[in-house]
>>> print(open('input_5.cif').read())   # mmCIF, N, CA and C atoms
data_coords
#
loop_
_atom_site.label_atom_id
_atom_site.label_comp_id
_atom_site.auth_asym_id
_atom_site.auth_seq_id
_atom_site.Cartn_x
_atom_site.Cartn_y
_atom_site.Cartn_z
N MET K 1 92.56 -4.39 -30.29
CA MET K 1 93.24 -4.99 -29.16
C MET K 1 94.63 -4.37 -29.00
N LEU K 2 94.98 -4.09 -27.79
CA LEU K 2 96.25 -3.46 -27.49
C LEU K 2 97.41 -4.42 -27.79
N SER K 3 98.27 -3.97 -28.68
CA SER K 3 99.46 -4.73 -29.04
C SER K 3 100.54 -3.74 -29.48
N MET K 4 101.75 -4.18 -29.49
CA MET K 4 102.85 -3.33 -29.94
C MET K 4 102.63 -2.92 -31.39
N GLU K 5 102.15 -3.84 -32.19
CA GLU K 5 101.92 -3.54 -33.61
C GLU K 5 100.83 -2.47 -33.77
N ALA K 6 99.74 -2.61 -33.03
CA ALA K 6 98.66 -1.61 -33.10
C ALA K 6 99.16 -0.24 -32.65
N LEU K 7 99.98 -0.21 -31.63
CA LEU K 7 100.54 1.06 -31.15
C LEU K 7 101.45 1.68 -32.20
N LYS K 8 102.26 0.85 -32.85
CA LYS K 8 103.14 1.35 -33.90
C LYS K 8 102.33 1.94 -35.05
N GLU K 9 101.25 1.26 -35.42
CA GLU K 9 100.38 1.75 -36.49
C GLU K 9 99.75 3.09 -36.11
N TYR K 10 99.47 3.28 -34.84
CA TYR K 10 98.92 4.54 -34.34
C TYR K 10 99.97 5.66 -34.37
N GLY K 11 101.24 5.30 -34.35
CA GLY K 11 102.30 6.29 -34.39
C GLY K 11 103.13 6.37 -33.13
N VAL K 12 103.04 5.36 -32.29
CA VAL K 12 103.78 5.34 -31.03
C VAL K 12 105.19 4.82 -31.28
N LYS K 13 106.15 5.47 -30.66
CA LYS K 13 107.54 4.97 -30.69
C LYS K 13 107.65 3.96 -29.55
N THR K 14 107.21 2.76 -29.81
CA THR K 14 107.08 1.75 -28.77
C THR K 14 108.41 1.43 -28.09
N ASN K 15 109.50 1.44 -28.83
CA ASN K 15 110.80 1.13 -28.21
C ASN K 15 111.13 2.15 -27.13
N ASP K 16 110.86 3.43 -27.41
CA ASP K 16 111.14 4.49 -26.43
C ASP K 16 110.24 4.34 -25.21
N GLY K 17 108.95 4.16 -25.44
CA GLY K 17 108.02 4.02 -24.33
C GLY K 17 108.30 2.80 -23.48
N LEU K 18 108.62 1.71 -24.14
CA LEU K 18 108.93 0.47 -23.43
C LEU K 18 110.18 0.62 -22.56
N LYS K 19 111.19 1.30 -23.08
CA LYS K 19 112.41 1.54 -22.28
C LYS K 19 112.09 2.31 -21.01
N ARG K 20 111.19 3.28 -21.12
CA ARG K 20 110.83 4.08 -19.94
C ARG K 20 110.04 3.28 -18.91
N CYS K 21 109.57 2.13 -19.35
CA CYS K 21 108.84 1.22 -18.44
C CYS K 21 109.68 -0.02 -18.15
N CYS K 22 110.99 0.17 -18.12
CA CYS K 22 111.95 -0.89 -17.78
C CYS K 22 111.79 -2.13 -18.65
N ASN K 23 111.39 -1.93 -19.91
CA ASN K 23 111.20 -3.01 -20.87
C ASN K 23 110.19 -4.06 -20.41
N MET K 24 109.28 -3.65 -19.55
CA MET K 24 108.23 -4.57 -19.08
C MET K 24 106.95 -4.26 -19.87
N GLU K 25 106.68 -5.09 -20.86
CA GLU K 25 105.57 -4.85 -21.77
C GLU K 25 104.23 -4.78 -21.03
N ALA K 26 103.99 -5.67 -20.09
CA ALA K 26 102.72 -5.67 -19.36
C ALA K 26 102.54 -4.36 -18.60
N PHE K 27 103.61 -3.87 -18.00
CA PHE K 27 103.55 -2.60 -17.27
C PHE K 27 103.30 -1.45 -18.24
N TYR K 28 103.97 -1.46 -19.37
CA TYR K 28 103.79 -0.44 -20.41
C TYR K 28 102.33 -0.39 -20.86
N PHE K 29 101.77 -1.56 -21.14
CA PHE K 29 100.37 -1.61 -21.55
C PHE K 29 99.44 -1.10 -20.44
N LYS K 30 99.78 -1.43 -19.20
CA LYS K 30 98.97 -0.97 -18.07
C LYS K 30 99.00 0.56 -17.99
N MET K 31 100.16 1.15 -18.18
CA MET K 31 100.29 2.60 -18.13
C MET K 31 99.54 3.27 -19.28
N ILE K 32 99.60 2.68 -20.45
CA ILE K 32 98.88 3.22 -21.60
C ILE K 32 97.38 3.15 -21.34
N THR K 33 96.92 2.01 -20.84
CA THR K 33 95.50 1.85 -20.52
C THR K 33 95.05 2.89 -19.49
N ALA K 34 95.86 3.11 -18.48
CA ALA K 34 95.53 4.10 -17.45
C ALA K 34 95.53 5.51 -18.02
N SER K 35 96.37 5.76 -18.99
CA SER K 35 96.51 7.12 -19.51
C SER K 35 95.22 7.64 -20.14
N VAL K 36 94.45 6.78 -20.79
CA VAL K 36 93.23 7.26 -21.44
C VAL K 36 92.14 7.63 -20.45
N SER K 37 92.24 7.15 -19.21
CA SER K 37 91.24 7.54 -18.21
C SER K 37 91.76 8.59 -17.24
N ASP K 38 92.88 9.19 -17.57
CA ASP K 38 93.43 10.23 -16.71
C ASP K 38 92.44 11.39 -16.60
N GLY K 39 92.24 11.86 -15.39
CA GLY K 39 91.27 12.93 -15.12
C GLY K 39 91.65 14.28 -15.71
N ASN K 40 92.88 14.42 -16.15
CA ASN K 40 93.30 15.70 -16.71
C ASN K 40 92.65 16.02 -18.05
N PHE K 41 92.14 15.02 -18.75
CA PHE K 41 91.40 15.31 -19.98
C PHE K 41 90.15 16.13 -19.66
N GLU K 42 89.40 15.68 -18.67
CA GLU K 42 88.19 16.40 -18.27
C GLU K 42 88.52 17.71 -17.57
N LYS K 43 89.57 17.69 -16.76
CA LYS K 43 90.00 18.92 -16.08
C LYS K 43 90.35 19.98 -17.11
N LEU K 44 91.04 19.59 -18.16
CA LEU K 44 91.40 20.52 -19.23
C LEU K 44 90.16 21.09 -19.89
N GLY K 45 89.23 20.23 -20.24
CA GLY K 45 88.00 20.69 -20.89
C GLY K 45 87.21 21.65 -20.02
N GLY K 46 87.08 21.31 -18.74
CA GLY K 46 86.36 22.17 -17.82
C GLY K 46 87.04 23.51 -17.63
N ALA K 47 88.35 23.49 -17.49
CA ALA K 47 89.10 24.73 -17.29
C ALA K 47 89.02 25.61 -18.53
N LEU K 48 89.08 25.01 -19.70
CA LEU K 48 88.95 25.80 -20.93
C LEU K 48 87.56 26.42 -21.02
N ALA K 49 86.53 25.64 -20.67
CA ALA K 49 85.16 26.16 -20.70
C ALA K 49 84.98 27.34 -19.76
N GLU K 50 85.70 27.32 -18.65
CA GLU K 50 85.62 28.39 -17.66
C GLU K 50 86.66 29.49 -17.92
N ASN K 51 87.45 29.33 -18.97
CA ASN K 51 88.53 30.26 -19.30
C ASN K 51 89.54 30.39 -18.15
N ASN K 52 89.73 29.29 -17.43
CA ASN K 52 90.71 29.24 -16.35
C ASN K 52 92.02 28.73 -16.96
N LEU K 53 92.80 29.66 -17.48
CA LEU K 53 93.99 29.30 -18.24
C LEU K 53 95.07 28.65 -17.37
N LYS K 54 95.16 29.05 -16.11
CA LYS K 54 96.15 28.46 -15.22
C LYS K 54 95.85 26.98 -14.99
N GLU K 55 94.60 26.67 -14.68
CA GLU K 55 94.22 25.27 -14.46
C GLU K 55 94.30 24.47 -15.76
N ALA K 56 93.93 25.11 -16.87
CA ALA K 56 94.02 24.44 -18.17
C ALA K 56 95.48 24.10 -18.48
N PHE K 57 96.38 25.04 -18.21
CA PHE K 57 97.80 24.78 -18.45
C PHE K 57 98.28 23.60 -17.61
N GLU K 58 97.91 23.59 -16.33
CA GLU K 58 98.35 22.50 -15.44
C GLU K 58 97.88 21.14 -15.96
N ALA K 59 96.64 21.07 -16.40
CA ALA K 59 96.10 19.81 -16.92
C ALA K 59 96.80 19.42 -18.22
N ALA K 60 96.97 20.39 -19.12
CA ALA K 60 97.62 20.11 -20.40
C ALA K 60 99.08 19.70 -20.19
N HIS K 61 99.75 20.35 -19.27
CA HIS K 61 101.15 20.03 -18.99
C HIS K 61 101.28 18.61 -18.43
N ALA K 62 100.35 18.22 -17.58
CA ALA K 62 100.35 16.85 -17.04
C ALA K 62 100.12 15.83 -18.16
N LEU K 63 99.18 16.13 -19.05
CA LEU K 63 98.91 15.22 -20.18
C LEU K 63 100.11 15.13 -21.11
N LYS K 64 100.79 16.24 -21.30
CA LYS K 64 102.00 16.25 -22.13
C LYS K 64 103.04 15.31 -21.53
N GLY K 65 103.20 15.36 -20.21
CA GLY K 65 104.16 14.48 -19.55
C GLY K 65 103.81 13.02 -19.69
N ILE K 66 102.55 12.70 -19.51
CA ILE K 66 102.10 11.32 -19.64
C ILE K 66 102.34 10.81 -21.06
N ALA K 67 101.86 11.59 -22.04
CA ALA K 67 102.00 11.18 -23.43
C ALA K 67 103.47 11.09 -23.84
N GLY K 68 104.27 12.02 -23.36
CA GLY K 68 105.69 12.00 -23.71
C GLY K 68 106.41 10.82 -23.10
N ASN K 69 106.15 10.54 -21.85
CA ASN K 69 106.81 9.42 -21.19
C ASN K 69 106.45 8.08 -21.81
N LEU K 70 105.24 7.96 -22.30
CA LEU K 70 104.80 6.70 -22.90
C LEU K 70 105.04 6.66 -24.42
N ALA K 71 105.62 7.75 -24.95
CA ALA K 71 105.92 7.86 -26.39
C ALA K 71 104.66 7.78 -27.25
N LEU K 72 103.56 8.31 -26.73
CA LEU K 72 102.29 8.34 -27.46
C LEU K 72 102.29 9.58 -28.35
N ASP K 73 103.08 9.55 -29.39
CA ASP K 73 103.36 10.74 -30.19
C ASP K 73 102.14 11.46 -30.75
N PRO K 74 101.15 10.79 -31.31
CA PRO K 74 100.00 11.55 -31.82
C PRO K 74 99.28 12.34 -30.72
N LEU K 75 99.12 11.75 -29.56
CA LEU K 75 98.50 12.46 -28.43
C LEU K 75 99.45 13.56 -27.94
N TYR K 76 100.72 13.25 -27.83
CA TYR K 76 101.72 14.21 -27.38
C TYR K 76 101.73 15.45 -28.28
N ASP K 77 101.73 15.23 -29.59
CA ASP K 77 101.74 16.35 -30.54
C ASP K 77 100.50 17.22 -30.39
N ALA K 78 99.36 16.59 -30.20
CA ALA K 78 98.11 17.34 -30.03
C ALA K 78 98.16 18.19 -28.76
N VAL K 79 98.66 17.62 -27.69
CA VAL K 79 98.73 18.35 -26.42
C VAL K 79 99.77 19.47 -26.50
N CYS K 80 100.88 19.22 -27.15
CA CYS K 80 101.94 20.24 -27.26
C CYS K 80 101.42 21.52 -27.93
N ASP K 81 100.49 21.38 -28.85
CA ASP K 81 99.95 22.56 -29.54
C ASP K 81 99.23 23.52 -28.59
N ILE K 82 98.80 23.02 -27.47
CA ILE K 82 98.01 23.84 -26.55
C ILE K 82 98.82 24.29 -25.32
N VAL K 83 99.87 23.58 -25.00
CA VAL K 83 100.60 23.85 -23.76
C VAL K 83 101.24 25.24 -23.73
N GLU K 84 102.01 25.58 -24.74
CA GLU K 84 102.74 26.86 -24.69
C GLU K 84 101.82 28.08 -24.72
N PRO K 85 100.79 28.10 -25.54
CA PRO K 85 99.87 29.25 -25.47
C PRO K 85 99.20 29.36 -24.08
N LEU K 86 98.89 28.22 -23.48
CA LEU K 86 98.31 28.26 -22.14
C LEU K 86 99.33 28.73 -21.11
N ARG K 87 100.55 28.28 -21.25
CA ARG K 87 101.62 28.71 -20.33
C ARG K 87 101.76 30.24 -20.38
N ALA K 88 101.64 30.78 -21.58
CA ALA K 88 101.77 32.23 -21.77
C ALA K 88 100.50 32.98 -21.37
N GLY K 89 99.44 32.23 -21.03
CA GLY K 89 98.20 32.88 -20.62
C GLY K 89 97.44 33.48 -21.79
N GLU K 90 97.66 32.92 -22.97
CA GLU K 90 97.03 33.44 -24.18
C GLU K 90 95.53 33.11 -24.19
N SER K 91 94.73 34.13 -24.15
CA SER K 91 93.28 33.94 -24.15
C SER K 91 92.80 33.87 -25.60
N LYS K 92 92.33 32.70 -25.99
CA LYS K 92 91.82 32.49 -27.35
C LYS K 92 90.87 31.31 -27.31
N ASP K 93 90.29 31.00 -28.45
CA ASP K 93 89.37 29.87 -28.54
C ASP K 93 90.20 28.59 -28.72
N TYR K 94 90.17 27.73 -27.71
CA TYR K 94 90.94 26.48 -27.73
C TYR K 94 90.09 25.28 -28.14
N THR K 95 88.88 25.53 -28.61
CA THR K 95 87.95 24.44 -28.92
C THR K 95 88.55 23.44 -29.89
N GLU K 96 89.10 23.91 -30.98
CA GLU K 96 89.65 23.01 -32.00
C GLU K 96 90.82 22.19 -31.44
N SER K 97 91.68 22.85 -30.68
CA SER K 97 92.82 22.15 -30.09
C SER K 97 92.37 21.08 -29.11
N TYR K 98 91.38 21.41 -28.28
CA TYR K 98 90.87 20.44 -27.31
C TYR K 98 90.21 19.27 -28.04
N GLN K 99 89.47 19.56 -29.08
CA GLN K 99 88.83 18.48 -29.85
C GLN K 99 89.86 17.55 -30.46
N ARG K 100 90.98 18.10 -30.91
CA ARG K 100 92.06 17.27 -31.46
C ARG K 100 92.63 16.34 -30.39
N ILE K 101 92.84 16.89 -29.19
CA ILE K 101 93.34 16.08 -28.07
C ILE K 101 92.37 14.95 -27.78
N MET K 102 91.10 15.26 -27.71
CA MET K 102 90.10 14.25 -27.39
C MET K 102 89.98 13.21 -28.51
N LYS K 103 90.17 13.63 -29.75
CA LYS K 103 90.15 12.69 -30.87
C LYS K 103 91.29 11.69 -30.74
N GLU K 104 92.47 12.18 -30.37
CA GLU K 104 93.62 11.29 -30.19
C GLU K 104 93.39 10.35 -29.01
N ARG K 105 92.76 10.86 -27.98
CA ARG K 105 92.41 10.00 -26.83
C ARG K 105 91.47 8.89 -27.28
N GLU K 106 90.47 9.23 -28.09
CA GLU K 106 89.51 8.23 -28.58
C GLU K 106 90.19 7.21 -29.47
N ARG K 107 91.11 7.67 -30.32
CA ARG K 107 91.84 6.72 -31.18
C ARG K 107 92.64 5.74 -30.34
N LEU K 108 93.29 6.25 -29.30
CA LEU K 108 94.07 5.39 -28.42
C LEU K 108 93.16 4.43 -27.66
N ALA K 109 92.03 4.93 -27.19
CA ALA K 109 91.08 4.08 -26.48
C ALA K 109 90.57 2.95 -27.37
N ALA K 110 90.38 3.23 -28.65
CA ALA K 110 89.92 2.21 -29.59
C ALA K 110 90.96 1.11 -29.75
N ILE K 111 92.23 1.48 -29.71
CA ILE K 111 93.30 0.48 -29.81
C ILE K 111 93.31 -0.42 -28.57
N ILE K 112 93.05 0.20 -27.43
CA ILE K 112 93.04 -0.55 -26.18
C ILE K 112 91.88 -1.53 -26.16
N GLY K 113 90.77 -1.10 -26.72
CA GLY K 113 89.60 -1.99 -26.81
C GLY K 113 88.66 -1.93 -25.70
#
>>> encode(input="input_5.cif", output="structure tokens")
Amino acid sequence: MLSMEALKEYGVKTNDGLKRCCNMEAFYFKMITASVSDGNFEKLGGALAENNLKEAFEAAHALKGIAGNLALDPLYDAVCDIVEPLRAGESKDYTESYQRIMKERERLAAIIG
């Protein structure tokens, strides 16, 4: 169940995320809940499968912003590992990095319930 304590256990800096949501806990929880269904997760996977590095970068950069603004540090860290190589247009196998991002998404989804 989504709670501040569960988020802290996951590694979220809840005070930072809550401040960015005007200290409105219900709004913060709503944004976190919405974040796990963001279409950029699938967009990223599809773009990587097609080796479309520009589209993959755009999706990863959007996810980085979402995770950063909500202080979802484990997800943020996973996404950060992929953003800069994609920005540089580095063609490589991103499978492991994408799987890590999706694992963090699943962990967060489990907390939400």
>>> resolve_selection(input="input_5.cif", expression="the PyMOL selection byres (((chain K and resi 70-79 and name CA) around 9) and name CA)", output="PyMOL selection string")
chain K and resi 7+10-18+20-21+28+31-32+35+60-61+63-69+80-83+97-98+100-105+108
>>> write_last_selection(input="input_5.cif", atoms="N, CA and C atoms", output="CSV table (one decimal), keeping the file's coordinate frame")
chain,number,residue,atom,x,y,z
K,7,LEU,N,100.0,-0.2,-31.6
K,7,LEU,CA,100.5,1.1,-31.2
K,7,LEU,C,101.4,1.7,-32.2
K,10,TYR,N,99.5,3.3,-34.8
K,10,TYR,CA,98.9,4.5,-34.3
K,10,TYR,C,100.0,5.7,-34.4
K,11,GLY,N,101.2,5.3,-34.4
K,11,GLY,CA,102.3,6.3,-34.4
K,11,GLY,C,103.1,6.4,-33.1
K,12,VAL,N,103.0,5.4,-32.3
K,12,VAL,CA,103.8,5.3,-31.0
K,12,VAL,C,105.2,4.8,-31.3
K,13,LYS,N,106.2,5.5,-30.7
K,13,LYS,CA,107.5,5.0,-30.7
K,13,LYS,C,107.6,4.0,-29.6
K,14,THR,N,107.2,2.8,-29.8
K,14,THR,CA,107.1,1.8,-28.8
K,14,THR,C,108.4,1.4,-28.1
K,15,ASN,N,109.5,1.4,-28.8
K,15,ASN,CA,110.8,1.1,-28.2
K,15,ASN,C,111.1,2.2,-27.1
K,16,ASP,N,110.9,3.4,-27.4
K,16,ASP,CA,111.1,4.5,-26.4
K,16,ASP,C,110.2,4.3,-25.2
K,17,GLY,N,109.0,4.2,-25.4
K,17,GLY,CA,108.0,4.0,-24.3
K,17,GLY,C,108.3,2.8,-23.5
K,18,LEU,N,108.6,1.7,-24.1
K,18,LEU,CA,108.9,0.5,-23.4
K,18,LEU,C,110.2,0.6,-22.6
K,20,ARG,N,111.2,3.3,-21.1
K,20,ARG,CA,110.8,4.1,-19.9
K,20,ARG,C,110.0,3.3,-18.9
K,21,CYS,N,109.6,2.1,-19.4
K,21,CYS,CA,108.8,1.2,-18.4
K,21,CYS,C,109.7,0.0,-18.2
K,28,TYR,N,104.0,-1.5,-19.4
K,28,TYR,CA,103.8,-0.4,-20.4
K,28,TYR,C,102.3,-0.4,-20.9
K,31,MET,N,100.2,1.2,-18.2
K,31,MET,CA,100.3,2.6,-18.1
K,31,MET,C,99.5,3.3,-19.3
K,32,ILE,N,99.6,2.7,-20.4
K,32,ILE,CA,98.9,3.2,-21.6
K,32,ILE,C,97.4,3.2,-21.3
K,35,SER,N,96.4,5.8,-19.0
K,35,SER,CA,96.5,7.1,-19.5
K,35,SER,C,95.2,7.6,-20.1
K,60,ALA,N,97.0,20.4,-19.1
K,60,ALA,CA,97.6,20.1,-20.4
K,60,ALA,C,99.1,19.7,-20.2
K,61,HIS,N,99.8,20.4,-19.3
K,61,HIS,CA,101.2,20.0,-19.0
K,61,HIS,C,101.3,18.6,-18.4
K,63,LEU,N,99.2,16.1,-19.0
K,63,LEU,CA,98.9,15.2,-20.2
K,63,LEU,C,100.1,15.1,-21.1
K,64,LYS,N,100.8,16.2,-21.3
K,64,LYS,CA,102.0,16.2,-22.1
K,64,LYS,C,103.0,15.3,-21.5
K,65,GLY,N,103.2,15.4,-20.2
K,65,GLY,CA,104.2,14.5,-19.6
K,65,GLY,C,103.8,13.0,-19.7
K,66,ILE,N,102.6,12.7,-19.5
K,66,ILE,CA,102.1,11.3,-19.6
K,66,ILE,C,102.3,10.8,-21.1
K,67,ALA,N,101.9,11.6,-22.0
K,67,ALA,CA,102.0,11.2,-23.4
K,67,ALA,C,103.5,11.1,-23.8
K,68,GLY,N,104.3,12.0,-23.4
K,68,GLY,CA,105.7,12.0,-23.7
K,68,GLY,C,106.4,10.8,-23.1
K,69,ASN,N,106.2,10.5,-21.8
K,69,ASN,CA,106.8,9.4,-21.2
K,69,ASN,C,106.4,8.1,-21.8
K,80,CYS,N,100.9,19.2,-27.2
K,80,CYS,CA,101.9,20.2,-27.3
K,80,CYS,C,101.4,21.5,-27.9
K,81,ASP,N,100.5,21.4,-28.8
K,81,ASP,CA,100.0,22.6,-29.5
K,81,ASP,C,99.2,23.5,-28.6
K,82,ILE,N,98.8,23.0,-27.5
K,82,ILE,CA,98.0,23.8,-26.6
K,82,ILE,C,98.8,24.3,-25.3
K,83,VAL,N,99.9,23.6,-25.0
K,83,VAL,CA,100.6,23.8,-23.8
K,83,VAL,C,101.2,25.2,-23.7
K,97,SER,N,91.7,22.8,-30.7
K,97,SER,CA,92.8,22.2,-30.1
K,97,SER,C,92.4,21.1,-29.1
K,98,TYR,N,91.4,21.4,-28.3
K,98,TYR,CA,90.9,20.4,-27.3
K,98,TYR,C,90.2,19.3,-28.0
K,100,ARG,N,91.0,18.1,-30.9
K,100,ARG,CA,92.1,17.3,-31.5
K,100,ARG,C,92.6,16.3,-30.4
K,101,ILE,N,92.8,16.9,-29.2
K,101,ILE,CA,93.3,16.1,-28.1
K,101,ILE,C,92.4,15.0,-27.8
K,102,MET,N,91.1,15.3,-27.7
K,102,MET,CA,90.1,14.2,-27.4
K,102,MET,C,90.0,13.2,-28.5
K,103,LYS,N,90.2,13.6,-29.8
K,103,LYS,CA,90.2,12.7,-30.9
K,103,LYS,C,91.3,11.7,-30.7
K,104,GLU,N,92.5,12.2,-30.4
K,104,GLU,CA,93.6,11.3,-30.2
K,104,GLU,C,93.4,10.4,-29.0
K,105,ARG,N,92.8,10.9,-28.0
K,105,ARG,CA,92.4,10.0,-26.8
K,105,ARG,C,91.5,8.9,-27.3
K,108,LEU,N,93.3,6.2,-29.3
K,108,LEU,CA,94.1,5.4,-28.4
K,108,LEU,C,93.2,4.4,-27.7
>>> select_by_dssp(input="input_5.cif", residues="chain K", states="helix (DSSP H, G or I)", output="VMD selection string")
chain K and resid 4 to 10 14 to 20 25 to 35 40 to 49 53 to 69 73 to 87 95 to 112
>>> resolve_selection(input="input_5.cif", expression="the PyMOL selection byres ((chain K and resi 85-91) around 8)", output="PyMOL selection string")
chain K and resi 51+53-54+56-58+80-84+92-94
>>> closest_residue(input="input_5.cif", among="K:Phe27, K:Val36, K:Lys19, K:Ser3", to="Ala109 in chain K", atoms="only C-alpha atoms")
K:Val36
>>> closest_residue(input="input_5.cif", among="K:Glu9, K:Ala49, K:Ile112, K:Glu42", to="Lys30 in chain K", atoms="only C-alpha atoms")
K:Ile112
>>> atom_distance(input="input_5.cif", atom1="CA of Ala6 in chain K", atom2="atom C of Ala110 in chain K")
8.8 Å
>>> atom_distance(input="input_5.cif", atom1="CA of Glu5 in chain K", atom2="atom N of Gly113 in chain K")
13.3 Å
>>> atom_distance(input="input_5.cif", atom1="CA of Gly39 in chain K", atom2="CA of Arg107 in chain K")
17.2 Å
>>> decode(input="input_5.cif", residues="range 86-98 of chain K", atoms="N, CA and C atoms", output="short mmCIF file (atom, residue, chain, number, x, y, z; two decimals), in the first residue's frame")
data_model
loop_
_atom_site.label_atom_id
_atom_site.label_comp_id
_atom_site.auth_asym_id
_atom_site.auth_seq_id
_atom_site.Cartn_x
_atom_site.Cartn_y
_atom_site.Cartn_z
N LEU K 86 22.46 7.68 -24.56
CA LEU K 86 21.48 7.91 -25.62
C LEU K 86 21.60 9.33 -26.17
N ARG K 87 21.83 10.28 -25.31
CA ARG K 87 22.00 11.68 -25.76
C ARG K 87 23.17 11.76 -26.75
N ALA K 88 24.22 11.01 -26.45
CA ALA K 88 25.41 11.01 -27.30
C ALA K 88 25.23 10.16 -28.56
N GLY K 89 24.09 9.45 -28.64
CA GLY K 89 23.83 8.62 -29.81
C GLY K 89 24.66 7.35 -29.83
N GLU K 90 25.04 6.90 -28.64
CA GLU K 90 25.88 5.71 -28.52
C GLU K 90 25.08 4.45 -28.85
N SER K 91 25.48 3.79 -29.90
CA SER K 91 24.79 2.57 -30.32
C SER K 91 25.40 1.38 -29.58
N LYS K 92 24.62 0.78 -28.71
CA LYS K 92 25.08 -0.37 -27.94
C LYS K 92 23.86 -1.16 -27.50
N ASP K 93 24.08 -2.26 -26.82
CA ASP K 93 22.98 -3.07 -26.32
C ASP K 93 22.49 -2.47 -25.00
N TYR K 94 21.28 -1.94 -25.01
CA TYR K 94 20.69 -1.30 -23.83
C TYR K 94 19.75 -2.23 -23.06
N THR K 95 19.74 -3.50 -23.42
CA THR K 95 18.80 -4.45 -22.83
C THR K 95 18.88 -4.47 -21.31
N GLU K 96 20.06 -4.59 -20.78
CA GLU K 96 20.24 -4.68 -19.33
C GLU K 96 19.77 -3.39 -18.63
N SER K 97 20.12 -2.26 -19.22
CA SER K 97 19.71 -0.97 -18.65
C SER K 97 18.20 -0.82 -18.66
N TYR K 98 17.57 -1.20 -19.77
CA TYR K 98 16.12 -1.11 -19.87
C TYR K 98 15.46 -2.05 -18.87
#
